[in-house]
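To start, the structure itself, in structure tokens.
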Amino acid sequence: MLGLEGRMKGFRDWVLSQISSKSLMSPTPLLGSDSLYDEGRSNEDSNEQAPAANSVALPVPSATSNSSTNQSSSTLQQASEAENFQSQLSGNGRRKDTLAKVEDLQVQFFRLLQRLGQSKENLLVTKVLYRMHLATLIRAEESDLKRVNLSSSRARAIANQQEEAGMPQLGFSCRILVLGKTGVGKSATINSIFGQEKAMTNAFQPATNCIQEIVGTVNGINITFIDTPGFLPSSTKNVKRNKRIMLSIKRFIRKSPPDIVLYFERLDLINSGYSDFPLLKLITDVFGASIWFNTILVMTHSSSAIPEGLEGYTVNYDSYISQCTNLIQQYIHQAVLDSRLENPALFVENHPQYPKNNMGEIILPNGQVWKSQLLLFCICTKVLGDVNSLLKFQNGIELGPANNARVPSLPHLLSSLLRHRPVSNQSGIDDEIEDILHSDKEEDEYDQLPSIRILTKSQVEKLSKQQKEDYLDELEYRETLYLKKQMKEDYRRRKEKLLLQEQEFSNSDNSDDPEPVQLPDMAVPLSFDSDCSIHRYRCLVDNDQFLVRPVLDPQGWDHDVGFDGINLETATEIKKNVYASVVGQMHKTKHDFNIQSECAAAYVNPLGPTYSIGVDVQSAGKDMVCTVHSNTKLKNIKHNIADCGVSLTSFGKKYYVGAKLEDTLLIGKRLKFVVNAGRMEGHEQMAYGGSFEASLRGEDYPVRNDHLSLTMTVLSFDKETVLSGSLESELRLSRSLKASVSANLNSRKMGKICIKMSSSEHLQIALVAVFSILKLLLRRKEI
Ligand SMILES: Nc1nc2c(ncn2[C@@H]2O[C@H](COP(=O)(O)OP(=O)(O)OP(=O)(O)O)[C@@H](O)[C@H]2O)c(=O)[nH]1
Ligand SMILES: [Mg+2]
């Protein structure tokens, strides 16, 4: 998160600097941006603005009346626009310049759609608008959200006005590169689009011998085609020649790259034996996988390519063409090693003998007019490409096999190092709790209490309110004392057992094996199913040291059995005061191998320091995350525990080294402070951090878990520092009411608050909760 934020910030700075330098050179906004700029202006105002612009446009001769001459024709208007622009530049106006450019693109897009007679309901148009909107939203700031949400409808209104006012020049042009084998109809398609013979075609031999630009205007769009010599059918002897052609095309387009690439194929030649993979792979190798981002697949001979022998072919035509497209798309996926790519496909017929509409355009068997479709595809691709480069998304996506070279987040590694508190011994005896229990002198108190008569339910009901309260308070007091006593006894028993074990260990006289104990059964599904494999497996534990269990995964690879993993836990005292533990789980299927394990060994000196070392292994995709950590705990002064730890994490071929220092101070048995600081370094990056925690425990700890703790954390990474604070508390407000509160907030204004209440009496609380949730939901809906 830190990293992303950092990058976003960098990008913003870049945009600001770019646009500030631009704004100095040209104080006038781009076409149409003046009316889009003004956030405060109402709809009425913008309607008034349009005729004003028209009246300026009218005196200019229609042949040259375009937005730029329009602006230069009236110095008065230019001045006011400049003023307008300047006023918006205050604050974060520079960033708005990018937004305004996107809005201009939208206006152009709507004007082009009108000219092509395409409605905004067209699925492709909807997709393009949606993507533009999404891209703008990602880059927009919170204050711009409203404007971005409205921009599409405003752009449409402006486009309508401009088209009605007869502003002919759009300033929209695109460069289109055509690629494909020889004779597939590249030059013929260029001729069909311009409606005249601009390029040579030949039915019997290669016609285009060199790369050439063919320029023309269709529907007011300036189109430049880069016609190229066709490739030879893919075979080993043609590879060299094809590569030579590709390299010369690559050189040609280096200076001014195309906006769109059309990859041609003959639809009638695609059959089950079709295999053009080597050619597609060669294209990918020479031009790079990114060439496929802006590529449209064009299938010529689309009217003559109807499979023979199929009855009612008009029905089958669509499925046939989609089958052919899928085939080529699959080869492209194989070539780029990524199946996410989806290239649009277009069907073309250049032969004049096929049915035409009254505008003279050829209609395909499925009723589509391909020429306007092709123009629409090109416009959409170009507009999306422009939005991407305006908003700097261009290099954001990389094609290729799923990138395994993921980088773990340093702040995450650091915070888990800071949190990590190794268990010092396996006997289950917590030193801290033991100290607290020992410091208590209340044990005898419970035994000295006078006996009390437990009342029956009916007897309790007969008591007055005050008596009832007193009675329950007394019971509670006794319960707490009793629990404390029990806990102490429990600890004492465990200690004795440990001592006994130690003696046995030293005598090395192994008594006979203990009785096997059956482990509790796994949760059985509610409905009975005779196939359910749970009934087949029961686990027995025959010694204390190893706990091995199969892991059930009903959704796993092996549906019949459902068990494809194993879980192992063991903890043992290897030598006096030296403990070792292993906890792990692993899954294995035909494809994957997953492991998660933690091994640790510790030397615990009851009076002095504790040293521990551990190895954690976890699989992440095909890689393993391996962490070796070591920790030293010093109890040099009473009530003070110093702790220092180091860790080394390896992930892929990257290594991360971390170190931390921690100090715990106990004041009395109720107050505890923990301070720690650490740093993590690796892969030329570094993260620092630390935290301070203060916690206050309730009187009856550890029997009752009332506590309040406050934590402050600082994490610094990549020149950014995040400060966060959190509060956690658990309280017993009254005998029947418990509350737990946890809240956190960080300097990025992100936070969470969670309040939990449980009561056995107060039904009102539930009602209050339901009421407030409903209210919140309703308010959200309004927003
Ligand atoms: N029936 C039919 N014929 C087509 C179609 N497209 C092209 N042709 C014919 O196919 C032949 C070859 O077309 P060209 O445009 O020269 O092919 P090209 O891809 O430019 O070939 P090179 O220049 O050698 O790379 C010409 O005779 C065209 O008339 C089509 O859609 N249907
Ligand atoms: Mg040609």
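Residues in the structure tokens are numbered from 1 in each chain, the chains being A, B, ... in the order shown, and ligands are numbered from 1 in the order shown.
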For the interface of chain A with ligand 1 (cut-off 7 Å, counting only C-alpha atoms and all ligand atoms), please tabulate each contacting residue of chain A alongside its nearest pair of atoms and their separation in Å to one decimal, rows sorted by chain and increasing number, as JSON lines.
{"residue": "A:Gly180", "atom": "CA", "partner": "ligand 1", "partner_atom_place_in_ligand_line": "19 (O)", "distance": 6.6}
{"residue": "A:Lys181", "atom": "CA", "partner": "ligand 1", "partner_atom_place_in_ligand_line": "25 (O)", "distance": 6.0}
{"residue": "A:Thr182", "atom": "CA", "partner": "ligand 1", "partner_atom_place_in_ligand_line": "25 (O)", "distance": 3.5}
{"residue": "A:Gly183", "atom": "CA", "partner": "ligand 1", "partner_atom_place_in_ligand_line": "17 (O)", "distance": 3.6}
{"residue": "A:Val184", "atom": "CA", "partner": "ligand 1", "partner_atom_place_in_ligand_line": "19 (O)", "distance": 4.1}
{"residue": "A:Gly185", "atom": "CA", "partner": "ligand 1", "partner_atom_place_in_ligand_line": "15 (O)", "distance": 3.4}
{"residue": "A:Lys186", "atom": "CA", "partner": "ligand 1", "partner_atom_place_in_ligand_line": "19 (O)", "distance": 3.8}
{"residue": "A:Ser187", "atom": "CA", "partner": "ligand 1", "partner_atom_place_in_ligand_line": "15 (O)", "distance": 3.7}
{"residue": "A:Ala188", "atom": "CA", "partner": "ligand 1", "partner_atom_place_in_ligand_line": "15 (O)", "distance": 3.6}
{"residue": "A:Thr189", "atom": "CA", "partner": "ligand 1", "partner_atom_place_in_ligand_line": "6 (N)", "distance": 6.4}
{"residue": "A:Met200", "atom": "CA", "partner": "ligand 1", "partner_atom_place_in_ligand_line": "16 (O)", "distance": 6.4}
{"residue": "A:Thr201", "atom": "CA", "partner": "ligand 1", "partner_atom_place_in_ligand_line": "16 (O)", "distance": 3.3}
{"residue": "A:Asn202", "atom": "CA", "partner": "ligand 1", "partner_atom_place_in_ligand_line": "16 (O)", "distance": 4.4}
{"residue": "A:Ala203", "atom": "CA", "partner": "ligand 1", "partner_atom_place_in_ligand_line": "27 (O)", "distance": 3.4}
{"residue": "A:Gln205", "atom": "CA", "partner": "ligand 1", "partner_atom_place_in_ligand_line": "24 (O)", "distance": 6.5}
{"residue": "A:Pro206", "atom": "CA", "partner": "ligand 1", "partner_atom_place_in_ligand_line": "24 (O)", "distance": 3.3}
{"residue": "A:Ala207", "atom": "CA", "partner": "ligand 1", "partner_atom_place_in_ligand_line": "23 (O)", "distance": 4.1}
{"residue": "A:Thr208", "atom": "CA", "partner": "ligand 1", "partner_atom_place_in_ligand_line": "23 (O)", "distance": 3.7}
{"residue": "A:Asn209", "atom": "CA", "partner": "ligand 1", "partner_atom_place_in_ligand_line": "23 (O)", "distance": 6.9}
{"residue": "A:Thr228", "atom": "CA", "partner": "ligand 1", "partner_atom_place_in_ligand_line": "25 (O)", "distance": 6.5}
{"residue": "A:Pro229", "atom": "CA", "partner": "ligand 1", "partner_atom_place_in_ligand_line": "25 (O)", "distance": 4.4}
{"residue": "A:Gly230", "atom": "CA", "partner": "ligand 1", "partner_atom_place_in_ligand_line": "25 (O)", "distance": 3.1}
{"residue": "A:Phe231", "atom": "CA", "partner": "ligand 1", "partner_atom_place_in_ligand_line": "25 (O)", "distance": 6.7}
{"residue": "A:Thr300", "atom": "CA", "partner": "ligand 1", "partner_atom_place_in_ligand_line": "31 (O)", "distance": 4.2}
{"residue": "A:His301", "atom": "CA", "partner": "ligand 1", "partner_atom_place_in_ligand_line": "31 (O)", "distance": 3.4}
{"residue": "A:Ser302", "atom": "CA", "partner": "ligand 1", "partner_atom_place_in_ligand_line": "31 (O)", "distance": 6.1}
{"residue": "A:Ser304", "atom": "CA", "partner": "ligand 1", "partner_atom_place_in_ligand_line": "1 (N)", "distance": 6.5}
{"residue": "A:Val348", "atom": "CA", "partner": "ligand 1", "partner_atom_place_in_ligand_line": "31 (O)", "distance": 5.8}
{"residue": "A:Glu349", "atom": "CA", "partner": "ligand 1", "partner_atom_place_in_ligand_line": "31 (O)", "distance": 3.6}
{"residue": "A:Asn350", "atom": "CA", "partner": "ligand 1", "partner_atom_place_in_ligand_line": "31 (O)", "distance": 3.8}
{"residue": "A:His351", "atom": "CA", "partner": "ligand 1", "partner_atom_place_in_ligand_line": "2 (C)", "distance": 4.5}
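Within the 12 Å cut-off around Pro408 in chain A, using only C-alpha atoms and omitting residues fewer than 5 positions from it on the same chain, the listed residues are Met1, Gly3, Leu413, Leu414, Ala620, Asp623, Met624, Val625, Cys626, Thr649, Ser650, Phe651, Gly652, Lys653, Lys654, Tyr655, Tyr656, Met680, Glu681, Gly682, His683 and Gln685 of chain A.
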Any chance you can output those residues with N, CA and C atoms as a PDB file, in the first residue's frame?
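Here's the written file again_18.pdb:
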ATOM      1  N   MET A   1       0.837  -1.208   0.000  1.00  0.00           N
ATOM      2  CA  MET A   1       0.000   0.000   0.000  1.00  0.00           C
ATOM      3  C   MET A   1       0.864   1.247   0.000  1.00  0.00           C
ATOM      4  N   GLY A   3       3.814   1.468  -1.074  1.00  0.00           N
ATOM      5  CA  GLY A   3       4.491   1.580  -2.355  1.00  0.00           C
ATOM      6  C   GLY A   3       3.595   2.209  -3.394  1.00  0.00           C
ATOM      7  N   LEU A 413       6.577  -7.279   6.397  1.00  0.00           N
ATOM      8  CA  LEU A 413       7.598  -8.125   7.025  1.00  0.00           C
ATOM      9  C   LEU A 413       8.049  -7.523   8.350  1.00  0.00           C
ATOM     10  N   LEU A 414       8.220  -6.192   8.341  1.00  0.00           N
ATOM     11  CA  LEU A 414       8.693  -5.534   9.555  1.00  0.00           C
ATOM     12  C   LEU A 414       7.666  -5.645  10.671  1.00  0.00           C
ATOM     13  N   ALA A 620       4.487 -19.791  -1.482  1.00  0.00           N
ATOM     14  CA  ALA A 620       3.712 -18.701  -2.082  1.00  0.00           C
ATOM     15  C   ALA A 620       3.790 -18.897  -3.579  1.00  0.00           C
ATOM     16  N   ASP A 623       6.939 -20.294  -5.439  1.00  0.00           N
ATOM     17  CA  ASP A 623       8.103 -19.951  -4.630  1.00  0.00           C
ATOM     18  C   ASP A 623       7.912 -20.326  -3.170  1.00  0.00           C
ATOM     19  N   MET A 624       9.005 -20.228  -2.436  1.00  0.00           N
ATOM     20  CA  MET A 624       8.954 -20.487  -1.001  1.00  0.00           C
ATOM     21  C   MET A 624       9.407 -19.238  -0.264  1.00  0.00           C
ATOM     22  N   VAL A 625       8.692 -18.919   0.782  1.00  0.00           N
ATOM     23  CA  VAL A 625       9.167 -17.846   1.646  1.00  0.00           C
ATOM     24  C   VAL A 625       9.790 -18.539   2.844  1.00  0.00           C
ATOM     25  N   CYS A 626      11.035 -18.251   3.067  1.00  0.00           N
ATOM     26  CA  CYS A 626      11.749 -18.927   4.129  1.00  0.00           C
ATOM     27  C   CYS A 626      12.270 -17.878   5.107  1.00  0.00           C
ATOM     28  N   THR A 649      14.830 -13.274   5.754  1.00  0.00           N
ATOM     29  CA  THR A 649      13.755 -13.845   4.948  1.00  0.00           C
ATOM     30  C   THR A 649      14.240 -13.983   3.523  1.00  0.00           C
ATOM     31  N   SER A 650      13.990 -15.135   2.927  1.00  0.00           N
ATOM     32  CA  SER A 650      14.327 -15.250   1.508  1.00  0.00           C
ATOM     33  C   SER A 650      13.058 -15.544   0.735  1.00  0.00           C
ATOM     34  N   PHE A 651      12.932 -14.870  -0.383  1.00  0.00           N
ATOM     35  CA  PHE A 651      11.748 -15.051  -1.236  1.00  0.00           C
ATOM     36  C   PHE A 651      12.253 -14.983  -2.666  1.00  0.00           C
ATOM     37  N   GLY A 652      12.079 -16.052  -3.397  1.00  0.00           N
ATOM     38  CA  GLY A 652      12.671 -16.116  -4.728  1.00  0.00           C
ATOM     39  C   GLY A 652      14.179 -16.013  -4.555  1.00  0.00           C
ATOM     40  N   LYS A 653      14.766 -15.037  -5.216  1.00  0.00           N
ATOM     41  CA  LYS A 653      16.209 -14.865  -5.034  1.00  0.00           C
ATOM     42  C   LYS A 653      16.511 -13.595  -4.262  1.00  0.00           C
ATOM     43  N   LYS A 654      15.492 -13.094  -3.555  1.00  0.00           N
ATOM     44  CA  LYS A 654      15.709 -11.857  -2.811  1.00  0.00           C
ATOM     45  C   LYS A 654      15.813 -12.157  -1.321  1.00  0.00           C
ATOM     46  N   TYR A 655      16.632 -11.359  -0.654  1.00  0.00           N
ATOM     47  CA  TYR A 655      16.830 -11.581   0.774  1.00  0.00           C
ATOM     48  C   TYR A 655      16.497 -10.325   1.559  1.00  0.00           C
ATOM     49  N   TYR A 656      15.881 -10.503   2.693  1.00  0.00           N
ATOM     50  CA  TYR A 656      15.504  -9.376   3.535  1.00  0.00           C
ATOM     51  C   TYR A 656      16.028  -9.628   4.949  1.00  0.00           C
ATOM     52  N   MET A 680      13.889  -3.262   8.637  1.00  0.00           N
ATOM     53  CA  MET A 680      13.927  -4.375   7.687  1.00  0.00           C
ATOM     54  C   MET A 680      14.551  -3.836   6.412  1.00  0.00           C
ATOM     55  N   GLU A 681      15.474  -4.581   5.857  1.00  0.00           N
ATOM     56  CA  GLU A 681      16.180  -4.071   4.698  1.00  0.00           C
ATOM     57  C   GLU A 681      16.328  -5.174   3.670  1.00  0.00           C
ATOM     58  N   GLY A 682      16.257  -4.808   2.423  1.00  0.00           N
ATOM     59  CA  GLY A 682      16.466  -5.808   1.386  1.00  0.00           C
ATOM     60  C   GLY A 682      16.033  -5.289   0.045  1.00  0.00           C
ATOM     61  N   HIS A 683      16.610  -5.827  -1.003  1.00  0.00           N
ATOM     62  CA  HIS A 683      16.231  -5.477  -2.356  1.00  0.00           C
ATOM     63  C   HIS A 683      16.319  -3.954  -2.561  1.00  0.00           C
ATOM     64  N   GLN A 685      15.811  -1.612  -0.551  1.00  0.00           N
ATOM     65  CA  GLN A 685      14.773  -0.826   0.115  1.00  0.00           C
ATOM     66  C   GLN A 685      14.919  -1.001   1.621  1.00  0.00           C
TER      67      GLN A 685
END
* May I have the residues within 9 Å of Leu99 in chain A as a PyMOL selection string, using only C-alpha atoms and disregarding those fewer than 3 positions away in the same chain? => chain A and resi 95-96+102-104+136+139-140+148+390-391
* To one decimal in Å, tell me the separation between CA of Ser691 in chain A and CA of Ala743 in chain A. => 16.2 Å
* Asked: Can you tell me how far CA of Val548 in chain A sits from CA of His629 in chain A, in Å to one decimal?
  -> 25.4 Å
List as a short mmCIF file (atom, residue, chain, number, x, y, z; two decimals) with all heavy atoms, in the first residue's frame the protein and nucleic acid residues near Val578 in chain A, meaning an atom at most 7 Å away when only C-alpha atoms are counted, but skip any in the same chain fewer than 2 places from it.
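Result saved to result.cif:
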data_model
loop_
_atom_site.label_atom_id
_atom_site.label_comp_id
_atom_site.auth_asym_id
_atom_site.auth_seq_id
_atom_site.Cartn_x
_atom_site.Cartn_y
_atom_site.Cartn_z
N GLU A 573 10.97 -31.76 24.90
CA GLU A 573 12.16 -31.24 25.59
C GLU A 573 13.31 -32.15 25.22
O GLU A 573 13.34 -33.32 25.59
CB GLU A 573 11.92 -31.24 27.10
CG GLU A 573 13.05 -30.57 27.83
CD GLU A 573 12.76 -30.40 29.31
OE1 GLU A 573 11.77 -30.97 29.79
OE2 GLU A 573 13.53 -29.69 29.98
N ILE A 574 14.22 -31.62 24.43
CA ILE A 574 15.30 -32.45 23.93
C ILE A 574 16.29 -32.75 25.05
O ILE A 574 16.72 -33.88 25.24
CB ILE A 574 16.07 -31.74 22.79
CG1 ILE A 574 15.08 -31.30 21.71
CG2 ILE A 574 17.11 -32.66 22.18
CD1 ILE A 574 15.71 -30.44 20.66
N LYS A 575 16.64 -31.72 25.75
CA LYS A 575 17.58 -31.83 26.86
C LYS A 575 17.01 -30.98 27.98
O LYS A 575 16.02 -30.27 27.76
CB LYS A 575 18.94 -31.25 26.43
CG LYS A 575 19.98 -32.28 26.09
CD LYS A 575 21.16 -31.58 25.51
CE LYS A 575 22.33 -31.63 26.47
NZ LYS A 575 23.51 -31.01 25.87
N LYS A 576 17.64 -31.02 29.09
CA LYS A 576 17.14 -30.17 30.17
C LYS A 576 17.16 -28.71 29.71
O LYS A 576 18.18 -28.21 29.24
CB LYS A 576 18.03 -30.35 31.41
CG LYS A 576 17.43 -29.75 32.63
CD LYS A 576 18.21 -30.19 33.87
CE LYS A 576 17.60 -29.65 35.12
NZ LYS A 576 17.78 -28.25 35.32
N ALA A 580 12.06 -28.01 21.76
CA ALA A 580 11.93 -27.88 20.30
C ALA A 580 10.48 -28.08 19.95
O ALA A 580 9.76 -28.85 20.60
CB ALA A 580 12.78 -28.92 19.60
N ALA A 602 14.46 -23.70 21.57
CA ALA A 602 14.75 -22.65 22.55
C ALA A 602 15.50 -23.22 23.74
O ALA A 602 15.24 -24.34 24.18
CB ALA A 602 13.45 -22.00 23.00
N TYR A 603 16.42 -22.41 24.23
CA TYR A 603 17.07 -22.77 25.48
C TYR A 603 16.55 -21.81 26.54
O TYR A 603 16.66 -20.59 26.40
CB TYR A 603 18.59 -22.65 25.35
CG TYR A 603 19.30 -22.70 26.69
CD1 TYR A 603 19.45 -23.92 27.35
CD2 TYR A 603 19.77 -21.55 27.30
CE1 TYR A 603 20.05 -23.97 28.60
CE2 TYR A 603 20.38 -21.58 28.54
CZ TYR A 603 20.51 -22.81 29.19
OH TYR A 603 21.09 -22.85 30.42
N VAL A 604 15.92 -22.37 27.56
CA VAL A 604 15.31 -21.51 28.57
C VAL A 604 16.03 -21.72 29.89
O VAL A 604 16.00 -22.80 30.46
CB VAL A 604 13.82 -21.88 28.76
CG1 VAL A 604 13.16 -20.93 29.74
CG2 VAL A 604 13.09 -21.85 27.44
#
* **Backbone DSSP call of alpha helix (DSSP H) for range 223-422 of chain A, listed as a PyMOL selection string** => chain A and resi 239-255+277-287+313-336+370-390+410-419
* Write out as a ChimeraX atom specification which residues come within 12 Å of Gln334 in chain A when counting only C-alpha atoms, dropping same-chain ones fewer than 6 positions away. => /A:276-282,284,289,327-328,340-341,399-401
